[in-house]
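Visitor: Provided below: coords.txt, containing compact mmCIF, C-alpha atoms and all ligand atoms.
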# COMPACT_ATOMS: atom_id res chain seq x y z
CA MET P 1 0.00 0.00 0.00
CA ASP P 2 1.30 3.47 -0.77
CA GLU P 3 1.76 6.31 1.69
CA ARG P 4 -1.56 8.06 1.04
CA SER P 5 -3.52 9.07 4.09
CA ILE P 6 -6.61 7.02 4.87
CA VAL P 7 -8.61 10.19 5.46
CA PHE P 8 -8.39 11.16 1.80
CA ASP P 9 -11.68 10.53 0.12
CA ASN P 10 -10.24 10.21 -3.35
CA TYR P 11 -8.02 7.19 -2.84
CA GLN P 12 -8.07 4.35 -5.36
CA PRO P 13 -8.45 1.06 -3.49
CA SER P 14 -6.42 -1.74 -5.03
CA SER P 15 -8.97 -4.40 -4.12
CA TYR P 16 -12.45 -4.89 -2.73
CA ASN P 17 -10.94 -5.91 0.65
CA GLU P 18 -9.00 -2.70 0.82
CA PHE P 19 -12.06 -0.68 -0.10
CA ILE P 20 -14.14 -2.26 2.69
CA MET P 21 -11.39 -1.75 5.27
CA PHE P 22 -10.89 1.88 4.38
CA GLU P 23 -14.63 2.42 4.64
CA ASN P 24 -14.63 0.81 8.10
CA LEU P 25 -11.64 2.76 9.31
CA LYS P 26 -12.61 6.16 7.93
CA GLY P 27 -13.38 8.52 10.79
CA PHE P 28 -12.17 5.92 13.30
CA ILE P 29 -8.48 6.66 12.97
CA LYS P 30 -7.26 10.21 13.63
CA PRO P 31 -5.52 11.92 10.70
CA GLY P 32 -1.78 12.27 11.29
CA SER P 33 -1.83 9.81 14.22
CA ILE P 34 0.51 6.90 14.81
CA GLU P 35 -2.49 4.62 14.19
CA GLU P 36 -2.95 6.12 10.75
CA ARG P 37 0.72 5.59 9.93
CA LEU P 38 0.39 1.94 10.95
CA VAL P 39 -2.88 1.35 9.07
CA ASN P 40 -1.20 2.65 5.94
CA GLN P 41 1.45 -0.07 6.28
CA ILE P 42 -1.08 -2.91 6.48
CA ASP P 43 -1.77 -5.07 3.44
CA PHE P 44 -5.49 -5.80 3.81
CA ASN P 45 -5.25 -8.77 1.48
CA ARG P 46 -2.87 -10.56 3.87
CA LEU P 47 -4.47 -10.01 7.25
CA PRO P 48 -4.14 -12.73 9.87
CA ARG P 49 -7.47 -14.53 9.77
CA HIS P 50 -7.33 -15.50 13.43
CA VAL P 51 -5.69 -13.42 16.18
CA ALA P 52 -5.45 -14.93 19.67
CA ILE P 53 -4.50 -12.88 22.72
CA ILE P 54 -3.17 -13.77 26.16
CA MET P 55 -4.31 -10.70 28.08
CA ASP P 56 -1.70 -10.48 30.83
CA GLY P 57 -0.56 -7.86 33.31
CA ASN P 58 -3.81 -6.61 34.85
CA GLY P 59 -2.53 -7.24 38.39
CA ARG P 60 0.80 -5.47 37.77
CA TRP P 61 -0.98 -2.53 36.19
CA ALA P 62 -3.09 -2.13 39.33
CA ARG P 63 -0.12 -2.55 41.68
CA LYS P 64 1.85 0.13 39.82
CA LYS P 65 -1.04 2.49 40.45
CA GLY P 66 -1.48 1.45 44.10
CA LEU P 67 -4.90 -0.06 43.32
CA PRO P 68 -6.41 -3.45 44.21
CA ARG P 69 -5.83 -6.15 41.56
CA VAL P 70 -9.50 -6.18 40.60
CA GLU P 71 -9.14 -2.63 39.30
CA GLY P 72 -6.60 -3.97 36.82
CA HIS P 73 -9.21 -6.40 35.52
CA ARG P 74 -11.80 -3.63 35.32
CA ALA P 75 -9.39 -1.55 33.22
CA GLY P 76 -8.62 -4.70 31.19
CA ALA P 77 -12.28 -5.03 30.26
CA LYS P 78 -12.04 -1.58 28.62
CA SER P 79 -9.11 -2.75 26.52
CA VAL P 80 -11.24 -5.72 25.45
CA LYS P 81 -13.86 -3.38 24.02
CA GLU P 82 -11.31 -1.27 22.12
CA ILE P 83 -9.54 -4.30 20.67
CA VAL P 84 -12.77 -6.04 19.65
CA GLU P 85 -13.88 -2.93 17.78
CA THR P 86 -10.50 -2.42 16.14
CA CYS P 87 -10.24 -6.04 14.97
CA ALA P 88 -13.78 -5.99 13.58
CA ARG P 89 -13.09 -2.77 11.67
CA LEU P 90 -9.82 -4.13 10.31
CA GLY P 91 -11.48 -7.25 8.97
CA ILE P 92 -10.04 -9.89 11.29
CA LYS P 93 -12.33 -12.92 11.08
CA VAL P 94 -11.63 -14.57 14.45
CA LEU P 95 -10.41 -12.97 17.69
CA THR P 96 -9.77 -15.29 20.63
CA LEU P 97 -9.30 -13.85 24.11
CA TYR P 98 -7.91 -15.87 27.01
CA ALA P 99 -10.16 -14.51 29.74
CA PHE P 100 -10.19 -17.21 32.44
CA SER P 101 -7.96 -20.27 32.60
CA LYS P 102 -8.68 -23.42 34.57
CA GLU P 103 -5.78 -22.41 36.79
CA ASN P 104 -7.33 -19.01 37.56
CA TRP P 105 -9.62 -20.67 40.13
CA LYS P 106 -6.60 -20.71 42.47
CA ARG P 107 -6.79 -16.90 42.83
CA PRO P 108 -8.36 -15.18 45.85
CA LYS P 109 -12.16 -15.54 45.97
CA ARG P 110 -12.80 -11.81 45.53
CA GLU P 111 -10.68 -11.71 42.38
CA VAL P 112 -12.38 -14.78 40.90
CA TYR P 113 -15.78 -13.27 41.69
CA THR P 114 -14.82 -9.96 40.04
CA LEU P 115 -13.59 -11.67 36.89
CA TRP P 116 -16.90 -13.49 36.39
CA LYS P 117 -18.86 -10.38 37.28
CA LEU P 118 -16.93 -8.35 34.70
CA LEU P 119 -17.70 -10.95 32.14
CA LYS P 120 -21.38 -10.96 32.99
CA ASP P 121 -21.45 -7.16 32.76
CA TYR P 122 -19.61 -7.31 29.44
CA LEU P 123 -22.29 -9.62 28.03
CA LYS P 124 -25.09 -7.47 29.39
CA ASN P 125 -23.64 -4.25 28.00
CA GLU P 126 -22.21 -5.53 24.73
CA SER P 127 -24.72 -8.05 23.40
CA LYS P 128 -26.57 -5.26 21.58
CA VAL P 129 -23.28 -4.07 20.06
CA LEU P 130 -22.54 -7.62 18.90
CA VAL P 131 -25.94 -7.94 17.24
CA GLU P 132 -25.79 -4.50 15.60
CA ASN P 133 -22.34 -5.19 14.21
CA ASN P 134 -22.84 -8.75 13.00
CA LEU P 135 -20.38 -10.18 15.57
CA ARG P 136 -20.62 -13.75 16.76
CA LEU P 137 -19.71 -14.85 20.28
CA LYS P 138 -18.37 -18.31 20.97
CA VAL P 139 -17.08 -19.83 24.20
CA ILE P 140 -14.33 -22.42 24.43
CA GLY P 141 -13.42 -24.23 27.63
CA GLN P 142 -15.12 -26.55 30.10
CA LYS P 143 -18.52 -24.89 30.09
CA GLN P 144 -19.96 -27.03 32.87
CA GLY P 145 -17.47 -25.46 35.29
CA ILE P 146 -18.56 -21.89 34.52
CA PRO P 147 -20.81 -20.35 37.22
CA ALA P 148 -24.41 -21.12 36.18
CA ILE P 149 -25.57 -17.51 36.10
CA VAL P 150 -22.77 -16.52 33.71
CA ARG P 151 -23.09 -19.72 31.67
CA LYS P 152 -26.78 -19.04 31.01
CA GLU P 153 -25.98 -15.53 29.83
CA LEU P 154 -23.16 -16.82 27.63
CA GLU P 155 -25.38 -19.45 26.06
CA LYS P 156 -28.03 -16.83 25.38
CA VAL P 157 -25.60 -14.55 23.55
CA GLU P 158 -23.99 -17.47 21.71
CA LYS P 159 -27.41 -18.51 20.43
CA LEU P 160 -28.40 -14.97 19.55
CA THR P 161 -25.27 -14.37 17.49
CA THR P 162 -24.71 -17.83 16.06
CA ASP P 163 -25.30 -16.79 12.44
CA TYR P 164 -23.27 -13.59 12.52
CA GLU P 165 -20.29 -13.57 10.21
CA ARG P 166 -18.33 -10.34 10.33
CA MET P 167 -16.05 -11.60 13.11
CA THR P 168 -16.20 -14.36 15.71
CA ILE P 169 -15.14 -13.38 19.21
CA VAL P 170 -13.98 -16.51 20.97
CA LEU P 171 -13.81 -16.27 24.75
CA ALA P 172 -11.61 -18.89 26.38
CA LEU P 173 -13.26 -19.47 29.75
CA ASN P 174 -12.43 -22.13 32.30
CA TYR P 175 -10.05 -23.11 29.52
CA GLY P 176 -6.93 -25.28 29.57
CA GLY P 177 -5.13 -26.47 26.44
CA ARG P 178 -4.22 -29.87 27.89
CA SER P 179 -7.72 -30.56 29.15
CA GLU P 180 -9.08 -29.57 25.74
CA ILE P 181 -6.95 -32.33 24.20
CA VAL P 182 -7.95 -34.85 26.89
CA ASP P 183 -11.63 -33.96 26.41
CA ALA P 184 -11.24 -34.53 22.66
CA VAL P 185 -9.65 -37.94 23.24
CA LYS P 186 -12.46 -38.92 25.62
CA GLU P 187 -15.05 -37.93 23.05
CA ILE P 188 -13.29 -39.90 20.33
CA LEU P 189 -13.06 -42.99 22.54
CA GLY P 190 -16.77 -42.66 23.27
CA GLU P 191 -17.69 -42.83 19.56
CA LYS P 192 -19.51 -46.09 18.77
CA ASN P 193 -18.12 -46.84 15.35
CA PHE P 194 -14.75 -45.25 15.64
CA HIS P 195 -11.81 -46.79 13.78
CA ALA P 196 -8.37 -45.66 14.89
CA GLU P 197 -7.03 -45.80 11.33
CA SER P 198 -9.50 -43.12 10.25
CA LEU P 199 -8.00 -40.63 12.71
CA ASP P 200 -5.70 -37.94 11.36
CA GLU P 201 -4.83 -34.38 12.40
CA GLU P 202 -7.74 -32.84 10.55
CA LYS P 203 -10.22 -35.28 12.05
CA PHE P 204 -8.78 -34.81 15.54
CA SER P 205 -9.22 -31.02 15.24
CA GLU P 206 -12.94 -31.59 14.80
CA TYR P 207 -13.15 -32.85 18.37
CA LEU P 208 -11.51 -29.78 19.88
CA TYR P 209 -13.52 -26.86 21.31
CA THR P 210 -12.30 -24.87 18.30
CA ALA P 211 -13.80 -27.22 15.68
CA ASN P 212 -14.57 -25.30 12.47
CA LEU P 213 -12.38 -22.34 13.43
CA PRO P 214 -9.07 -21.69 11.66
CA ASP P 215 -5.90 -22.05 13.74
CA PRO P 216 -4.53 -18.76 15.08
CA ASP P 217 -2.16 -17.06 12.64
CA LEU P 218 -0.98 -14.61 15.26
CA LEU P 219 -0.65 -14.99 19.03
CA ILE P 220 -0.22 -11.81 21.03
CA ARG P 221 0.85 -11.82 24.65
CA THR P 222 0.99 -8.69 26.75
CA SER P 223 3.17 -7.83 29.77
CA GLY P 224 6.37 -9.25 28.30
CA GLU P 225 6.06 -12.83 29.59
CA LEU P 226 7.53 -15.47 27.28
CA ARG P 227 5.08 -18.31 27.90
CA ILE P 228 2.00 -19.76 26.25
CA SER P 229 0.39 -20.75 29.55
CA ASN P 230 -1.60 -23.79 28.45
CA PHE P 231 -3.38 -21.81 25.72
CA LEU P 232 -4.49 -23.41 22.42
CA LEU P 233 -1.64 -25.94 22.57
CA TRP P 234 -2.74 -27.93 19.54
CA GLN P 235 -3.91 -24.97 17.45
CA MET P 236 -0.75 -22.91 18.01
CA ALA P 237 1.54 -25.29 16.09
CA TYR P 238 2.38 -22.70 13.41
CA SER P 239 1.20 -19.43 14.93
CA GLU P 240 3.44 -16.39 14.79
CA ILE P 241 4.07 -15.05 18.29
CA TRP P 242 4.18 -11.33 19.08
CA ILE P 243 5.01 -10.20 22.60
CA THR P 244 4.73 -6.68 23.96
CA LYS P 245 5.82 -5.29 27.32
CA ALA P 246 2.59 -3.26 27.47
CA LEU P 247 0.32 -4.45 30.27
CA TRP P 248 -3.15 -5.48 29.08
CA PRO P 249 -4.99 -2.43 30.49
CA ASP P 250 -2.52 -0.24 28.53
CA PHE P 251 -2.93 -2.27 25.33
CA ARG P 252 -4.40 0.06 22.74
CA ARG P 253 -5.35 0.19 19.06
CA LYS P 254 -1.78 1.16 18.10
CA HIS P 255 -0.43 -2.05 19.67
CA ILE P 256 -2.67 -4.37 17.68
CA LEU P 257 -1.90 -2.43 14.50
CA GLN P 258 1.83 -2.74 15.20
CA ALA P 259 1.42 -6.49 15.81
CA ILE P 260 -0.24 -6.89 12.41
CA VAL P 261 2.40 -4.79 10.64
CA ASP P 262 5.14 -6.95 12.22
CA TYR P 263 3.25 -10.16 11.44
CA GLN P 264 3.13 -9.20 7.77
CA LYS P 265 6.91 -8.84 7.71
CA ARG P 266 7.42 -12.42 8.83
CA GLU P 267 7.91 -15.29 6.44
CA ARG P 268 5.61 -18.16 7.39
CA ARG P 269 7.22 -21.37 6.23
CA PHE P 270 5.13 -24.11 7.89
CA GLY P 271 8.22 -26.29 8.00
CA ASP P 272 9.04 -25.71 4.31
CA VAL P 273 12.17 -23.96 2.96
CA HIS P 274 12.41 -20.27 1.97
CA SER P 275 10.41 -19.44 -1.14
C1 LIG H 301 -4.19 -11.78 33.46
O1 LIG H 301 -3.67 -10.72 34.21
C2 LIG H 301 -5.60 -11.55 33.13
C3 LIG H 301 -6.63 -12.36 33.50
C4 LIG H 301 -6.42 -13.57 34.30
C5 LIG H 301 -8.04 -12.07 33.17
C6 LIG H 301 -8.35 -11.27 31.93
C7 LIG H 301 -9.66 -10.62 32.13
C8 LIG H 301 -10.03 -9.40 31.65
C9 LIG H 301 -9.20 -8.62 30.75
C10 LIG H 301 -11.31 -8.73 32.06
C11 LIG H 301 -12.62 -9.31 31.64
C12 LIG H 301 -12.69 -9.97 30.31
C13 LIG H 301 -13.67 -9.77 29.40
C14 LIG H 301 -13.67 -10.60 28.17
C15 LIG H 301 -14.70 -8.74 29.53
P1 LIG H 301 -3.04 -11.05 35.65
O2 LIG H 301 -4.09 -10.81 36.67
O3 LIG H 301 -2.46 -12.41 35.66
O4 LIG H 301 -1.90 -9.97 35.75
P2 LIG H 301 -0.53 -10.10 36.57
O5 LIG H 301 0.26 -11.19 35.91
O6 LIG H 301 0.08 -8.75 36.40
O7 LIG H 301 -0.89 -10.39 37.99
Would you write out, as structure tokens, the structure that this file holds?

Guide:
Amino acid sequence: MDERSIVFDNYQPSSYNEFIMFENLKGFIKPGSIEERLVNQIDFNRLPRHVAIIMDGNGRWARKKGLPRVEGHRAGAKSVKEIVETCARLGIKVLTLYAFSKENWKRPKREVYTLWKLLKDYLKNESKVLVENNLRLKVIGQKQGIPAIVRKELEKVEKLTTDYERMTIVLALNYGGRSEIVDAVKEILGEKNFHAESLDEEKFSEYLYTANLPDPDLLIRTSGELRISNFLLWQMAYSEIWITKALWPDFRRKHILQAIVDYQKRERRFGDVHS
């Protein structure tokens, strides 16, 4: 893409994708801003289809400000809204957010309570936004372990948005990558007419919580930690990893744009040699 500014109305889009993205971004990105400079570097025909995010650093953000940890999560929920909107406008098809791991139950009761409450509030406040913007919500994780009151709300919004196609927001809740694999194996072993020789990688993927979703092209982790923390272990086989020191509550539009610009500079080889 050339250096033209996205606020110019007389640009000549090079493809239909580019046209749609410019339409979505017009008025959303400030002229002359760092975001605009980054958007102009993005090739809209080579976007990552699926972006997955480990939202880390809420507790540290709060501590730095002398606030209780739960305030970090509250601020983190605001980042969620900004990033969901940005990804939808960019044309990302799947956005997965690691919001509550199976291990997170070990945290103090008040923190666990706040996390579920924030999620419930998010659903209450955002379901209209999802519907109006053609956004689908999907949950992955051990659903039966999710507090009933939140689970009901989640199921309601999942059902309501099931046919929406602009972008799928996948919330990983009560999620663990290893238990996802074990759950898949259990389901396979429970199949009546299952023949081991018919099992291959593609077939196995159909038993995962993420069945029918593409694997993540890009994994983002905030707060500088170099771990994948039991997240999408199977699906991450060939994902590009982008780590930022920014803590999740400080993660803004410019960070996701930078991640995509950097992603597009990488050569994805999938085990093959250089082209
Ligand atoms: C990790 O930070 C973050 C979490 C365990 C929860 C993420 C939850 C949210 C962003 C809020 C609600 C989500 C939605 C989808 C509305 P941490 O607490 O481990 O941070 P630390 O490592 O600095 O302690």

Visitor: To one decimal place, how far is atom CA of P:Lys186 from atom CA of P:Ile169 in Å?

Guide: 26.5 Å

Visitor: My list of candidates is P:Asn24, P:Ser229, P:Gln142, P:Asn17. Which is closest to ligand LIG 301 (chain H) when distances are computed with all atoms listed in the file?

Guide: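 Once distances to ligand LIG 301 (chain H) are computed over all atoms listed in the file, the minimum belongs to P:Ser229.
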
Visitor: Using only C-alpha atoms and all ligand atoms, find each residue with an atom at most 10 Å away from ligand LIG 301 (chain H) and format the answer as an MDAnalysis selection string.

Guide: chainID P and resid 54:64 69:81 84 96:101 103:105 107 111:112 114:123 126 169:173 222:225 247:249

Visitor: Could you tell me which of P:Leu67, P:Asp262, P:Leu257, P:Glu201 comes closest to P:Ala237 if we count only C-alpha atoms?

Guide: P:Glu201

Visitor: Excluding same-chain residues fewer than 3 positions from P:Val185, what lies within 12 Å of it counting only C-alpha atoms, as a PyMOL selection string?

Guide: chain P and resi 178-182+188-191+194+196+199+203-209

Visitor: Do you have the atom CA of P:Glu240-atom CA of P:Gln41 distance handy?

Guide: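 Taking atom CA of P:Glu240 as the start and atom CA of P:Gln41 as the end point, the length is 18.5 Å.
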
Visitor: Find, counting all atoms listed in the file, the residue in P:Val129, P:Ile256, P:Leu226, P:Leu233 that gets nearest to P:Tyr175.

Guide: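 Result for the nearest residue to P:Tyr175: P:Leu233.
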
Visitor: Tell me which protein, DNA and RNA residues are within 7 Å of stretch 151-157 of chain P, counting all atoms listed in the file, leaving out same-chain ones fewer than 4 positions away, and put them as a short mmCIF file (atom, residue, chain, number, x, y, z; two decimals) with C-alpha atoms, in the frame of the given file.

Guide:
data_model
loop_
_atom_site.label_atom_id
_atom_site.label_comp_id
_atom_site.auth_asym_id
_atom_site.auth_seq_id
_atom_site.Cartn_x
_atom_site.Cartn_y
_atom_site.Cartn_z
CA SER P 127 -24.72 -8.05 23.40
CA LEU P 137 -19.71 -14.85 20.28
CA ILE P 146 -18.56 -21.89 34.52
CA PRO P 147 -20.81 -20.35 37.22
CA THR P 161 -25.27 -14.37 17.49
#

Visitor: Suppose you want the space between atom CA of P:Phe19 and atom CA of P:Ile92; what is it in Å?

Guide: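 Those two atoms sit 14.8 Å apart.
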
Visitor: Nearest residue to P:Ile220 out of P:Trp234, P:Asn133, P:Pro68, P:Ala246, using all atoms listed in the file?

Guide: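 The closest residue to P:Ile220 is P:Ala246.
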
Visitor: Around (-19.2, -6.6, 9.9) in the file's frame, which residues reach within 7 Å when counting all atoms listed in the file? Return as a list in words?

Guide: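 Those within range, by chain then number, are Ala88, Asn133, Asn134, Leu135, Arg166 and Met167 of chain P.
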
Visitor: Enclose the full set of atoms of stretch 125-137 of chain P listed in the file within a box whose edges lie along x, y and z, apply 3 Å of padding to each of the six sides, and report centre and edge lengths in Å to one decimal as lines of an AutoDock Vina configuration file.

Guide:
center_x = -23.1
center_y = -9.5
center_z = 20.5
size_x = 12.9
size_y = 16.8
size_z = 21.0

Visitor: Please rebuild stretch 206-220 of chain P with N, CA and C atoms and return the result as a PDB file, in the frame of the given file.

Guide:
ATOM      1  N   GLU P 206     -11.481 -31.718  14.737  1.00  0.00           N
ATOM      2  CA  GLU P 206     -12.940 -31.590  14.800  1.00  0.00           C
ATOM      3  C   GLU P 206     -13.506 -31.892  16.181  1.00  0.00           C
ATOM      4  N   TYR P 207     -12.678 -32.514  17.030  1.00  0.00           N
ATOM      5  CA  TYR P 207     -13.150 -32.850  18.370  1.00  0.00           C
ATOM      6  C   TYR P 207     -12.715 -31.799  19.406  1.00  0.00           C
ATOM      7  N   LEU P 208     -11.959 -30.819  18.966  1.00  0.00           N
ATOM      8  CA  LEU P 208     -11.510 -29.780  19.880  1.00  0.00           C
ATOM      9  C   LEU P 208     -12.616 -28.734  20.053  1.00  0.00           C
ATOM     10  N   TYR P 209     -12.499 -27.915  21.098  1.00  0.00           N
ATOM     11  CA  TYR P 209     -13.520 -26.860  21.310  1.00  0.00           C
ATOM     12  C   TYR P 209     -13.544 -25.922  20.103  1.00  0.00           C
ATOM     13  N   THR P 210     -12.437 -25.831  19.405  1.00  0.00           N
ATOM     14  CA  THR P 210     -12.300 -24.870  18.300  1.00  0.00           C
ATOM     15  C   THR P 210     -12.697 -25.453  16.937  1.00  0.00           C
ATOM     16  N   ALA P 211     -13.389 -26.594  16.952  1.00  0.00           N
ATOM     17  CA  ALA P 211     -13.800 -27.220  15.680  1.00  0.00           C
ATOM     18  C   ALA P 211     -14.413 -26.165  14.758  1.00  0.00           C
ATOM     19  N   ASN P 212     -14.055 -26.224  13.499  1.00  0.00           N
ATOM     20  CA  ASN P 212     -14.570 -25.300  12.470  1.00  0.00           C
ATOM     21  C   ASN P 212     -13.961 -23.899  12.498  1.00  0.00           C
ATOM     22  N   LEU P 213     -13.051 -23.649  13.426  1.00  0.00           N
ATOM     23  CA  LEU P 213     -12.380 -22.340  13.430  1.00  0.00           C
ATOM     24  C   LEU P 213     -10.975 -22.544  12.847  1.00  0.00           C
ATOM     25  N   PRO P 214     -10.452 -21.540  12.140  1.00  0.00           N
ATOM     26  CA  PRO P 214      -9.070 -21.690  11.660  1.00  0.00           C
ATOM     27  C   PRO P 214      -8.101 -21.598  12.838  1.00  0.00           C
ATOM     28  N   ASP P 215      -6.912 -22.180  12.694  1.00  0.00           N
ATOM     29  CA  ASP P 215      -5.900 -22.050  13.740  1.00  0.00           C
ATOM     30  C   ASP P 215      -5.450 -20.594  13.824  1.00  0.00           C
ATOM     31  N   PRO P 216      -4.992 -20.151  14.999  1.00  0.00           N
ATOM     32  CA  PRO P 216      -4.530 -18.760  15.080  1.00  0.00           C
ATOM     33  C   PRO P 216      -3.305 -18.536  14.186  1.00  0.00           C
ATOM     34  N   ASP P 217      -3.334 -17.431  13.431  1.00  0.00           N
ATOM     35  CA  ASP P 217      -2.160 -17.060  12.640  1.00  0.00           C
ATOM     36  C   ASP P 217      -1.201 -16.273  13.521  1.00  0.00           C
ATOM     37  N   LEU P 218      -1.774 -15.523  14.446  1.00  0.00           N
ATOM     38  CA  LEU P 218      -0.980 -14.610  15.260  1.00  0.00           C
ATOM     39  C   LEU P 218      -1.392 -14.739  16.720  1.00  0.00           C
ATOM     40  N   LEU P 219      -0.406 -14.999  17.579  1.00  0.00           N
ATOM     41  CA  LEU P 219      -0.650 -14.990  19.030  1.00  0.00           C
ATOM     42  C   LEU P 219       0.014 -13.759  19.623  1.00  0.00           C
ATOM     43  N   ILE P 220      -0.759 -12.994  20.351  1.00  0.00           N
ATOM     44  CA  ILE P 220      -0.220 -11.810  21.030  1.00  0.00           C
ATOM     45  C   ILE P 220      -0.236 -12.081  22.520  1.00  0.00           C
TER      46      ILE P 220
END
